[in-house]
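Visitor: My structure is in model-v7.pdb, and what it holds is PDB, C-alpha atoms:
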ATOM      1  CA  ALA N   1      36.226   2.989 -55.445
ATOM      2  CA  LYS N   2      38.166   2.574 -52.206
ATOM      3  CA  ILE N   3      41.519   1.321 -53.582
ATOM      4  CA  PRO N   4      44.399   3.384 -52.102
ATOM      5  CA  ALA N   5      47.307   1.431 -53.698
ATOM      6  CA  PHE N   6      48.151   0.419 -57.285
ATOM      7  CA  VAL N   7      50.970  -1.994 -58.231
ATOM      8  CA  PHE N   8      51.955  -1.973 -61.918
ATOM      9  CA  ASP N   9      53.937  -4.461 -63.946
ATOM     10  CA  LYS N  10      56.410  -2.644 -66.258
ATOM     11  CA  THR N  11      56.814  -4.416 -69.608
ATOM     12  CA  GLY N  12      53.690  -4.273 -71.755
ATOM     13  CA  THR N  13      51.756  -2.348 -69.078
ATOM     14  CA  LEU N  14      53.629   0.906 -68.425
ATOM     15  CA  THR N  15      55.771   0.361 -71.541
ATOM     16  CA  THR N  16      54.627  -0.758 -75.007
ATOM     17  CA  GLY N  17      56.699  -3.973 -74.918
ATOM     18  CA  ASN N  18      57.991  -3.155 -78.424
ATOM     19  CA  LEU N  19      61.438  -1.883 -79.380
ATOM     20  CA  ALA N  20      61.605   1.534 -81.040
ATOM     21  CA  VAL N  21      64.596   3.360 -82.521
ATOM     22  CA  SER N  22      65.763   6.106 -80.173
ATOM     23  CA  ARG N  23      69.073   7.007 -81.880
ATOM     24  CA  LEU N  24      70.519   6.732 -85.395
ATOM     25  CA  SER N  25      74.251   7.456 -85.401
ATOM     26  CA  PRO N  26      75.925   7.355 -88.824
ATOM     27  CA  LEU N  27      79.753   7.205 -89.043
ATOM     28  CA  ALA N  28      82.373   7.540 -91.787
ATOM     29  CA  GLY N  29      80.541  10.134 -93.912
ATOM     30  CA  THR N  30      77.290   8.147 -94.125
ATOM     31  CA  THR N  31      73.985  10.064 -93.812
ATOM     32  CA  ALA N  32      71.240   9.036 -91.362
ATOM     33  CA  ALA N  33      68.835   8.275 -94.258
ATOM     34  CA  GLU N  34      71.480   6.113 -95.961
ATOM     35  CA  LEU N  35      72.195   4.227 -92.708
ATOM     36  CA  LEU N  36      68.482   3.554 -92.179
ATOM     37  CA  HIS N  37      67.998   2.508 -95.826
ATOM     38  CA  ILE N  38      70.892   0.000 -95.633
ATOM     39  CA  ALA N  39      70.025  -1.418 -92.179
ATOM     40  CA  ALA N  40      66.263  -1.753 -92.759
ATOM     41  CA  SER N  41      66.749  -3.237 -96.260
ATOM     42  CA  ALA N  42      69.281  -5.800 -94.965
ATOM     43  CA  GLU N  43      66.949  -6.774 -92.083
ATOM     44  CA  LYS N  44      63.853  -6.985 -94.314
ATOM     45  CA  TYR N  45      63.410 -10.767 -93.926
ATOM     46  CA  SER N  46      64.318 -10.986 -90.233
ATOM     47  CA  ASN N  47      61.614 -11.575 -87.591
ATOM     48  CA  HIS N  48      63.708 -10.026 -84.816
ATOM     49  CA  PRO N  49      62.136  -7.047 -82.909
ATOM     50  CA  THR N  50      65.050  -4.848 -84.069
ATOM     51  CA  ALA N  51      64.092  -5.531 -87.711
ATOM     52  CA  LYS N  52      60.498  -4.457 -87.017
ATOM     53  CA  ALA N  53      61.691  -1.274 -85.269
ATOM     54  CA  LEU N  54      63.898  -0.378 -88.269
ATOM     55  CA  ALA N  55      61.096  -1.124 -90.749
ATOM     56  CA  ASP N  56      58.637   1.022 -88.758
ATOM     57  CA  LEU N  57      61.036   3.988 -88.704
ATOM     58  CA  ALA N  58      61.839   3.630 -92.430
ATOM     59  CA  SER N  59      58.119   3.617 -93.223
ATOM     60  CA  GLU N  60      57.524   6.662 -90.978
ATOM     61  CA  ALA N  61      60.451   8.580 -92.517
ATOM     62  CA  GLY N  62      59.504   7.646 -96.090
ATOM     63  CA  VAL N  63      62.810   5.828 -96.711
ATOM     64  CA  THR N  64      62.562   3.394 -99.649
ATOM     65  CA  LEU N  65      63.765  -0.161 -98.991
ATOM     66  CA  VAL N  66      65.261  -2.546-101.537
ATOM     67  CA  GLU N  67      65.281  -6.346-101.724
ATOM     68  CA  PRO N  68      68.340  -7.813 -99.950
ATOM     69  CA  LYS N  69      70.250 -10.595-101.691
ATOM     70  CA  ASN N  70      71.977 -13.630-100.108
ATOM     71  CA  PHE N  71      70.237 -12.974 -96.789
ATOM     72  CA  SER N  72      71.320 -15.150 -93.847
ATOM     73  CA  GLU N  73      70.603 -14.778 -90.135
ATOM     74  CA  THR N  74      72.473 -16.149 -87.112
ATOM     75  CA  ALA N  75      70.091 -16.240 -84.141
ATOM     76  CA  GLY N  76      71.024 -13.840 -81.363
ATOM     77  CA  ARG N  77      74.055 -12.500 -83.275
ATOM     78  CA  GLY N  78      73.081 -10.681 -86.464
ATOM     79  CA  ILE N  79      72.446 -10.907 -90.193
ATOM     80  CA  LYS N  80      74.416 -10.873 -93.440
ATOM     81  CA  ALA N  81      72.957  -9.606 -96.701
ATOM     82  CA  GLU N  82      73.812  -7.840 -99.932
ATOM     83  CA  VAL N  83      72.199  -4.403-100.394
ATOM     84  CA  ASP N  84      72.806  -2.237-103.484
ATOM     85  CA  GLY N  85      75.728  -4.507-104.396
ATOM     86  CA  ALA N  86      77.526  -4.057-101.052
ATOM     87  CA  ALA N  87      78.140  -6.734 -98.365
ATOM     88  CA  ILE N  88      76.196  -5.647 -95.271
ATOM     89  CA  LEU N  89      76.405  -6.896 -91.683
ATOM     90  CA  VAL N  90      73.855  -5.872 -89.043
ATOM     91  CA  GLY N  91      74.116  -7.077 -85.453
ATOM     92  CA  ARG N  92      75.859  -6.821 -82.105
ATOM     93  CA  ALA N  93      79.449  -5.598 -81.784
ATOM     94  CA  GLN N  94      80.777  -9.170 -81.440
ATOM     95  CA  TRP N  95      79.060 -10.167 -84.704
ATOM     96  CA  LEU N  96      81.025  -7.496 -86.597
ATOM     97  CA  ARG N  97      84.274  -8.481 -84.830
ATOM     98  CA  ASP N  98      83.672 -12.153 -85.714
ATOM     99  CA  ASN N  99      83.391 -11.064 -89.355
ATOM    100  CA  ASN N 100      86.714  -9.181 -89.274
ATOM    101  CA  VAL N 101      85.400  -5.612 -89.099
ATOM    102  CA  PRO N 102      88.149  -3.402 -87.508
ATOM    103  CA  ASP N 103      87.365  -2.994 -83.802
ATOM    104  CA  ASP N 104      87.235   0.783 -83.346
ATOM    105  CA  PHE N 105      83.509   1.405 -83.822
ATOM    106  CA  THR N 106      82.257   1.034 -80.209
ATOM    107  CA  SER N 107      84.116   4.162 -79.004
ATOM    108  CA  SER N 108      81.501   6.468 -80.603
ATOM    109  CA  VAL N 109      78.627   4.981 -78.548
ATOM    110  CA  ASP N 110      77.339   7.280 -75.801
ATOM    111  CA  LEU N 111      74.318   5.186 -74.740
ATOM    112  CA  ASN N 112      74.356   2.872 -71.737
ATOM    113  CA  GLU N 113      73.119  -0.666 -72.472
ATOM    114  CA  THR N 114      72.464  -1.268 -68.761
ATOM    115  CA  GLU N 115      69.742   1.414 -68.953
ATOM    116  CA  GLY N 116      67.744  -0.690 -71.388
ATOM    117  CA  PHE N 117      69.233   0.366 -74.723
ATOM    118  CA  SER N 118      69.825  -2.319 -77.365
ATOM    119  CA  ILE N 119      72.598  -1.279 -79.734
ATOM    120  CA  ILE N 120      73.160  -2.776 -83.176
ATOM    121  CA  TYR N 121      76.012  -1.948 -85.535
ATOM    122  CA  ILE N 122      75.972  -1.786 -89.329
ATOM    123  CA  SER N 123      78.991  -2.443 -91.556
ATOM    124  CA  ARG N 124      79.326  -2.101 -95.341
ATOM    125  CA  ASN N 125      82.096  -3.924 -97.188
ATOM    126  CA  GLY N 126      83.988  -4.632 -93.957
ATOM    127  CA  ARG N 127      83.784  -1.101 -92.506
ATOM    128  CA  CYS N 128      81.418   0.080 -89.747
ATOM    129  CA  ILE N 129      79.157   2.873 -91.073
ATOM    130  CA  GLY N 130      77.084   3.514 -87.940
ATOM    131  CA  TRP N 131      75.006   2.194 -85.064
ATOM    132  CA  VAL N 132      71.377   2.281 -83.977
ATOM    133  CA  GLY N 133      70.161   2.570 -80.371
ATOM    134  CA  MET N 134      66.745   1.105 -79.504
ATOM    135  CA  GLN N 135      64.678   0.798 -76.361
ATOM    136  CA  ASP N 136      61.284  -0.285 -75.094
ATOM    137  CA  GLN N 137      59.160   2.889 -75.107
ATOM    138  CA  THR N 138      57.067   4.022 -72.148
ATOM    139  CA  ARG N 139      53.387   4.511 -72.965
ATOM    140  CA  THR N 140      52.698   8.148 -73.823
ATOM    141  CA  GLU N 141      49.742   8.341 -71.421
ATOM    142  CA  ALA N 142      51.509   6.632 -68.468
ATOM    143  CA  ARG N 143      52.701   9.776 -66.637
ATOM    144  CA  GLU N 144      49.349  11.544 -67.068
ATOM    145  CA  SER N 145      47.462   8.467 -65.785
ATOM    146  CA  LEU N 146      49.606   8.148 -62.649
ATOM    147  CA  VAL N 147      49.164  11.866 -61.894
ATOM    148  CA  GLU N 148      45.372  11.452 -62.247
ATOM    149  CA  LEU N 149      45.358   8.416 -59.948
ATOM    150  CA  LYS N 150      47.182  10.445 -57.268
ATOM    151  CA  HIS N 151      44.756  13.319 -57.851
ATOM    152  CA  ASN N 152      41.923  10.842 -57.241
ATOM    153  CA  GLY N 153      43.363   9.997 -53.819
ATOM    154  CA  VAL N 154      45.483   6.910 -54.568
ATOM    155  CA  ARG N 155      48.219   7.130 -51.920
ATOM    156  CA  ARG N 156      50.708   4.466 -53.050
ATOM    157  CA  ILE N 157      51.802   3.627 -56.611
ATOM    158  CA  ALA N 158      54.557   1.073 -57.198
ATOM    159  CA  MET N 159      56.135  -0.537 -60.254
ATOM    160  CA  VAL N 160      57.469  -4.104 -60.249
ATOM    161  CA  SER N 161      59.670  -5.440 -63.033
ATOM    162  CA  GLY N 162      61.756  -8.445 -63.979
ATOM    163  CA  ASP N 163      64.212  -6.067 -65.693
ATOM    164  CA  ARG N 164      67.547  -4.852 -64.336
ATOM    165  CA  GLN N 165      67.533  -2.009 -61.817
ATOM    166  CA  PRO N 166      68.875   0.753 -64.178
ATOM    167  CA  VAL N 167      66.178  -0.069 -66.783
ATOM    168  CA  ALA N 168      63.368  -0.035 -64.193
ATOM    169  CA  THR N 169      64.712   3.192 -62.630
ATOM    170  CA  ARG N 170      64.794   4.928 -66.038
ATOM    171  CA  VAL N 171      61.186   3.981 -66.814
ATOM    172  CA  ALA N 172      60.026   4.997 -63.324
ATOM    173  CA  ARG N 173      61.760   8.382 -63.762
ATOM    174  CA  GLU N 174      60.029   8.918 -67.129
ATOM    175  CA  ILE N 175      56.548   8.192 -65.780
ATOM    176  CA  GLY N 176      56.932   9.780 -62.335
ATOM    177  CA  CYS N 177      56.650   6.617 -60.215
ATOM    178  CA  GLU N 178      58.559   6.886 -56.912
ATOM    179  CA  GLU N 179      58.477   3.243 -55.789
ATOM    180  CA  VAL N 180      60.327   0.700 -57.950
ATOM    181  CA  VAL N 181      61.139  -2.968 -57.370
ATOM    182  CA  ALA N 182      63.385  -4.489 -60.071
ATOM    183  CA  GLU N 183      64.754  -7.941 -60.969
ATOM    184  CA  CYS N 184      61.535  -9.638 -59.777
ATOM    185  CA  LEU N 185      60.559 -13.204 -60.593
ATOM    186  CA  PRO N 186      56.765 -13.849 -60.690
ATOM    187  CA  GLN N 187      56.859 -15.112 -57.073
ATOM    188  CA  ASN N 188      58.687 -11.906 -55.987
ATOM    189  CA  LYS N 189      55.854  -9.845 -57.472
ATOM    190  CA  VAL N 190      53.325 -11.865 -55.438
ATOM    191  CA  GLU N 191      55.455 -11.396 -52.317
ATOM    192  CA  PHE N 192      55.579  -7.630 -52.862
ATOM    193  CA  VAL N 193      51.779  -7.425 -53.265
ATOM    194  CA  LYS N 194      51.361  -9.386 -50.016
ATOM    195  CA  GLN N 195      53.761  -6.993 -48.224
ATOM    196  CA  VAL N 196      51.732  -3.955 -49.357
ATOM    197  CA  LYS N 197      48.485  -5.655 -48.240
ATOM    198  CA  ALA N 198      50.077  -6.490 -44.869
ATOM    199  CA  LYS N 199      50.536  -2.738 -44.288
ATOM    200  CA  GLY N 200      46.761  -2.293 -44.421
ATOM    201  CA  TYR N 201      46.335  -1.228 -48.071
ATOM    202  CA  ARG N 202      43.708  -2.544 -50.446
ATOM    203  CA  VAL N 203      45.755  -3.228 -53.579
ATOM    204  CA  ALA N 204      44.901  -3.143 -57.290
ATOM    205  CA  VAL N 205      47.445  -5.010 -59.450
ATOM    206  CA  CYS N 206      47.721  -4.086 -63.169
ATOM    207  CA  GLY N 207      49.479  -6.357 -65.650
ATOM    208  CA  ASP N 208      49.119  -8.024 -69.016
ATOM    209  CA  GLY N 209      51.244 -11.141 -69.381
ATOM    210  CA  VAL N 210      51.216 -14.724 -68.159
ATOM    211  CA  ASN N 211      53.978 -13.786 -65.685
ATOM    212  CA  ASP N 212      51.568 -11.317 -64.076
ATOM    213  CA  ALA N 213      48.785 -13.849 -63.458
ATOM    214  CA  PRO N 214      49.915 -14.888 -59.921
ATOM    215  CA  ALA N 215      50.305 -11.205 -58.889
ATOM    216  CA  LEU N 216      46.919 -10.310 -60.436
ATOM    217  CA  ALA N 217      45.320 -13.056 -58.356
ATOM    218  CA  ALA N 218      47.170 -11.908 -55.195
ATOM    219  CA  GLY N 219      45.758  -8.344 -55.287
ATOM    220  CA  ASP N 220      42.386  -7.300 -53.848
ATOM    221  CA  ILE N 221      41.591  -6.385 -57.445
ATOM    222  CA  GLY N 222      43.460  -7.598 -60.542
ATOM    223  CA  ILE N 223      43.234  -5.472 -63.697
ATOM    224  CA  ALA N 224      44.310  -7.164 -66.942
ATOM    225  CA  MET N 225      45.407  -4.711 -69.634
ATOM    226  CA  GLY N 226      44.358  -5.404 -73.221
ATOM    227  CA  ALA N 227      41.854  -8.237 -72.959
ATOM    228  CA  ALA N 228      42.936  -9.406 -76.397
ATOM    229  CA  GLY N 229      46.147 -10.557 -74.676
ATOM    230  CA  SER N 230      46.805 -13.450 -72.327
ATOM    231  CA  GLU N 231      43.912 -15.786 -71.437
ATOM    232  CA  VAL N 232      45.591 -16.674 -68.136
ATOM    233  CA  ALA N 233      45.921 -13.004 -67.107
ATOM    234  CA  ILE N 234      42.276 -12.320 -67.989
ATOM    235  CA  HIS N 235      40.992 -15.288 -65.961
ATOM    236  CA  SER N 236      43.164 -14.289 -62.993
ATOM    237  CA  ALA N 237      41.896 -10.684 -63.065
ATOM    238  CA  THR N 238      38.809  -9.081 -61.552
ATOM    239  CA  ILE N 239      38.581  -6.502 -64.341
ATOM    240  CA  ALA N 240      39.709  -6.858 -67.960
ATOM    241  CA  LEU N 241      40.332  -3.705 -70.008
ATOM    242  CA  MET N 242      39.704  -4.158 -73.725
ATOM    243  CA  ASN N 243      42.717  -2.040 -74.724
ATOM    244  CA  ASN N 244      46.041  -0.858 -73.284
ATOM    245  CA  ASP N 245      45.077   2.777 -72.576
ATOM    246  CA  LEU N 246      46.202   3.499 -68.998
ATOM    247  CA  ARG N 247      43.805   6.476 -68.812
ATOM    248  CA  ARG N 248      41.064   3.879 -68.285
ATOM    249  CA  LEU N 249      42.359   3.381 -64.717
ATOM    250  CA  PRO N 250      41.618   6.849 -63.241
ATOM    251  CA  PHE N 251      38.339   6.726 -65.193
ATOM    252  CA  LEU N 252      37.572   3.368 -63.547
ATOM    253  CA  VAL N 253      38.158   4.849 -60.071
ATOM    254  CA  ARG N 254      35.892   7.836 -60.844
ATOM    255  CA  LEU N 255      33.201   5.623 -62.385
ATOM    256  CA  SER N 256      33.207   3.320 -59.337
ATOM    257  CA  ARG N 257      32.823   6.290 -56.991
ATOM    258  CA  MET N 258      29.954   7.726 -59.042
ATOM    259  CA  THR N 259      28.262   4.299 -59.012
ATOM    260  CA  ARG N 260      28.584   4.115 -55.213
ATOM    261  CA  SER N 261      27.070   7.620 -54.929
ATOM    262  CA  VAL N 262      24.079   6.584 -57.033
ATOM    263  CA  ILE N 263      23.580   3.433 -54.934
ATOM    264  CA  ASN N 264      23.792   5.439 -51.680
ATOM    265  CA  GLN N 265      21.338   8.036 -53.026
ATOM    266  CA  ASN N 266      18.923   5.239 -53.905
ATOM    267  CA  PHE N 267      19.233   3.806 -50.372
ATOM    268  CA  LEU N 268      18.425   7.244 -48.924
ATOM    269  CA  PHE N 269      15.394   7.727 -51.191
TER     270      PHE N 269
END
Would you give me this structure, written as structure tokens?
Guide:
Amino acid sequence: AKIPAFVFDKTGTLTTGNLAVSRLSPLAGTTAAELLHIAASAEKYSNHPTAKALADLASEAGVTLVEPKNFSETAGRGIKAEVDGAAILVGRAQWLRDNNVPDDFTSSVDLNETEGFSIIYISRNGRCIGWVGMQDQTRTEARESLVELKHNGVRRIAMVSGDRQPVATRVAREIGCEEVVAECLPQNKVEFVKQVKAKGYRVAVCGDGVNDAPALAAGDIGIAMGAAGSEVAIHSATIALMNNDLRRLPFLVRLSRMTRSVINQNFLF
């Protein structure tokens, strides 16, 4: 009820932690539906997060997938497969170059990978037919939840992240968080929490992963998001939320204050 400062982890807490397609860019007379059909079909047997993101979008858009033939995957590089009788490559730019695709396809890209975009390229029969931009999505309720926390009198809200500065800055801009600390190791997160406490704040730390456990323990209150998640985070936290809905946090503050009011009324009576 009396917490004036919240420190949030980024990945999996303020963002979903899952890649989602943010841009489909077909080239060489290919349509967007055709590009998605080819890429998602070729990636059908891959376990990479990009394959899941493509499959999710294809399902959402009602694009029919076919069985790929001669599927092979090179970890961290890309995949080869045969779709509708054509030789398909899906992967990073270097993967296409290594497989002798003419190197003129990167000039059409207008997304910045340093801002957290993952870009994969698709070639058919040795010619690049488009690229797909993906990124970790911010939670839809994140901005609203932070506004409500401020409305409830929380004076300081900060986000700590192990990601690069441009990625963290982009997410902070999307959710309306003014204070950002990027490129943090777990011990840096703990150090930051201690610095905020040293300035006289009581601090609530919100996180979900194993990396957050030391920071959760360092706060006056640790709040573990999604109690179905990491055992370590749950045992390090004071409060475990059963799902990942950030709107539970302003509700928690209000509920705590109402509880204190009831207790104080009972004392008076």
Visitor: Can you give me, as a list of chain:residue names, the residues this file yields under the PyMOL selection byres ((chain N and resi 241-257) around 6)?
Guide: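 Going through the file, the PyMOL selection byres ((chain N and resi 241-257) around 6) ends up selecting N:Ala1, N:Ser145, N:Leu149, N:Met225, N:Gly226, N:Ala227, N:Ala240, N:Met258, N:Thr259, N:Arg260.
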Visitor: Quote the spacing between CA of Val180 (chain N) and CA of Ala158 (chain N) in Å to one decimal place.
Guide: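 CA of Ala158 (chain N) lies at a distance of 5.8 Å from CA of Val180 (chain N).
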Visitor: Which is closest to Ser161 (chain N) among N:Gln187, N:Ser236, N:Asn99, N:Ser25, if we use all atoms listed in the file?
Guide: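 Smallest separation from Ser161 (chain N) among the options: N:Gln187.
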Visitor: Could you check which of N:Ala204, N:Ala215, N:Ile129, N:Val171 is closest to Val190 (chain N), using all atoms listed in the file?
Guide: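 Closest to Val190 (chain N), using all atoms listed in the file: N:Ala215.
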Visitor: Between N:Arg155, N:Arg97, N:Arg143, N:Arg173, which one has atoms that come closest to Cys128 (chain N), using all atoms listed in the file?
Guide: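 Among the listed residues, the smallest separation from Cys128 (chain N) belongs to N:Arg97.
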Visitor: If we count all atoms listed in the file and set the cut-off at 8 Å, which residues sit around region 34-39 of chain N, ignoring sequence neighbours fewer than 2 positions away in its own chain? Please answer as a list in words.
Guide: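 These residues fall inside the cut-off: Leu24, Pro26, Thr30, Thr31, Ala32, Ser41, Ala42, Glu43, Leu54, Ala58, Val63, Thr64, Leu65, Val83, Ile88, Val90, Ile122, Ile129 and Gly130 of chain N.
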Visitor: Counting all atoms listed in the file, figure out which residue out of N:Val193, N:Met159, N:Ile263, N:Ile175 gets nearest to Asp9 (chain N).
Guide: N:Met159
Visitor: Export all heavy atoms of region 146-156 of chain N from the structure just given, as a short mmCIF file (atom, residue, chain, number, x, y, z; two decimals), in the first residue's frame?
Guide:
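Wrote it out as decode30.cif, contents follow:
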data_model
loop_
_atom_site.label_atom_id
_atom_site.label_comp_id
_atom_site.auth_asym_id
_atom_site.auth_seq_id
_atom_site.Cartn_x
_atom_site.Cartn_y
_atom_site.Cartn_z
N LEU N 146 0.94 1.24 -16.32
CA LEU N 146 1.90 2.22 -15.78
C LEU N 146 1.22 3.55 -15.48
O LEU N 146 1.52 4.19 -14.47
CB LEU N 146 3.07 2.40 -16.76
CG LEU N 146 4.30 1.53 -16.47
CD1 LEU N 146 3.97 0.06 -16.43
CD2 LEU N 146 5.39 1.78 -17.50
N VAL N 147 0.29 3.95 -16.37
CA VAL N 147 -0.46 5.20 -16.14
C VAL N 147 -1.27 5.08 -14.85
O VAL N 147 -1.31 6.00 -14.03
CB VAL N 147 -1.40 5.50 -17.35
CG1 VAL N 147 -2.41 6.59 -17.01
CG2 VAL N 147 -0.58 5.89 -18.57
N GLU N 148 -1.90 3.91 -14.65
CA GLU N 148 -2.72 3.69 -13.44
C GLU N 148 -1.86 3.71 -12.18
O GLU N 148 -2.27 4.23 -11.15
CB GLU N 148 -3.46 2.36 -13.54
CG GLU N 148 -4.84 2.49 -14.16
CD GLU N 148 -5.69 1.26 -13.88
OE1 GLU N 148 -6.12 1.06 -12.72
OE2 GLU N 148 -5.89 0.48 -14.83
N LEU N 149 -0.66 3.11 -12.27
CA LEU N 149 0.24 3.12 -11.11
C LEU N 149 0.59 4.56 -10.72
O LEU N 149 0.56 4.92 -9.54
CB LEU N 149 1.52 2.33 -11.41
CG LEU N 149 1.42 0.80 -11.35
CD1 LEU N 149 2.72 0.17 -11.83
CD2 LEU N 149 1.10 0.31 -9.94
N LYS N 150 0.90 5.39 -11.74
CA LYS N 150 1.22 6.79 -11.46
C LYS N 150 0.02 7.50 -10.86
O LYS N 150 0.14 8.31 -9.94
CB LYS N 150 1.67 7.50 -12.76
CG LYS N 150 3.07 7.10 -13.20
CD LYS N 150 3.43 7.73 -14.53
CE LYS N 150 4.79 7.23 -15.01
NZ LYS N 150 5.07 7.59 -16.41
N HIS N 151 -1.17 7.19 -11.39
CA HIS N 151 -2.41 7.78 -10.91
C HIS N 151 -2.65 7.39 -9.44
O HIS N 151 -3.23 8.15 -8.67
CB HIS N 151 -3.57 7.29 -11.79
CG HIS N 151 -4.89 7.91 -11.45
ND1 HIS N 151 -5.14 9.25 -11.61
CD2 HIS N 151 -6.02 7.36 -10.93
CE1 HIS N 151 -6.38 9.51 -11.22
NE2 HIS N 151 -6.93 8.39 -10.80
N ASN N 152 -2.16 6.21 -9.07
CA ASN N 152 -2.31 5.73 -7.69
C ASN N 152 -1.20 6.24 -6.77
O ASN N 152 -1.07 5.77 -5.64
CB ASN N 152 -2.32 4.19 -7.65
CG ASN N 152 -3.63 3.63 -8.16
OD1 ASN N 152 -4.66 4.28 -8.07
ND2 ASN N 152 -3.60 2.43 -8.72
N GLY N 153 -0.38 7.16 -7.30
CA GLY N 153 0.62 7.81 -6.43
C GLY N 153 2.00 7.19 -6.45
O GLY N 153 2.86 7.55 -5.64
N VAL N 154 2.27 6.25 -7.38
CA VAL N 154 3.63 5.70 -7.49
C VAL N 154 4.49 6.77 -8.17
O VAL N 154 4.18 7.23 -9.27
CB VAL N 154 3.62 4.39 -8.31
CG1 VAL N 154 5.04 3.90 -8.55
CG2 VAL N 154 2.82 3.32 -7.58
N ARG N 155 5.56 7.18 -7.50
CA ARG N 155 6.34 8.34 -7.98
C ARG N 155 7.47 7.96 -8.94
O ARG N 155 7.91 8.77 -9.74
CB ARG N 155 6.94 9.10 -6.77
CG ARG N 155 5.89 9.65 -5.83
CD ARG N 155 6.47 10.74 -4.93
NE ARG N 155 7.64 10.31 -4.19
CZ ARG N 155 7.59 9.67 -3.02
NH1 ARG N 155 6.42 9.36 -2.50
NH2 ARG N 155 8.70 9.32 -2.39
N ARG N 156 7.97 6.74 -8.84
CA ARG N 156 9.14 6.37 -9.67
C ARG N 156 8.90 5.00 -10.31
O ARG N 156 8.66 4.02 -9.60
CB ARG N 156 10.40 6.36 -8.80
CG ARG N 156 11.67 6.17 -9.61
CD ARG N 156 12.91 6.43 -8.78
NE ARG N 156 14.12 6.22 -9.55
CZ ARG N 156 15.34 6.35 -9.07
NH1 ARG N 156 15.53 6.70 -7.80
NH2 ARG N 156 16.40 6.13 -9.84
#
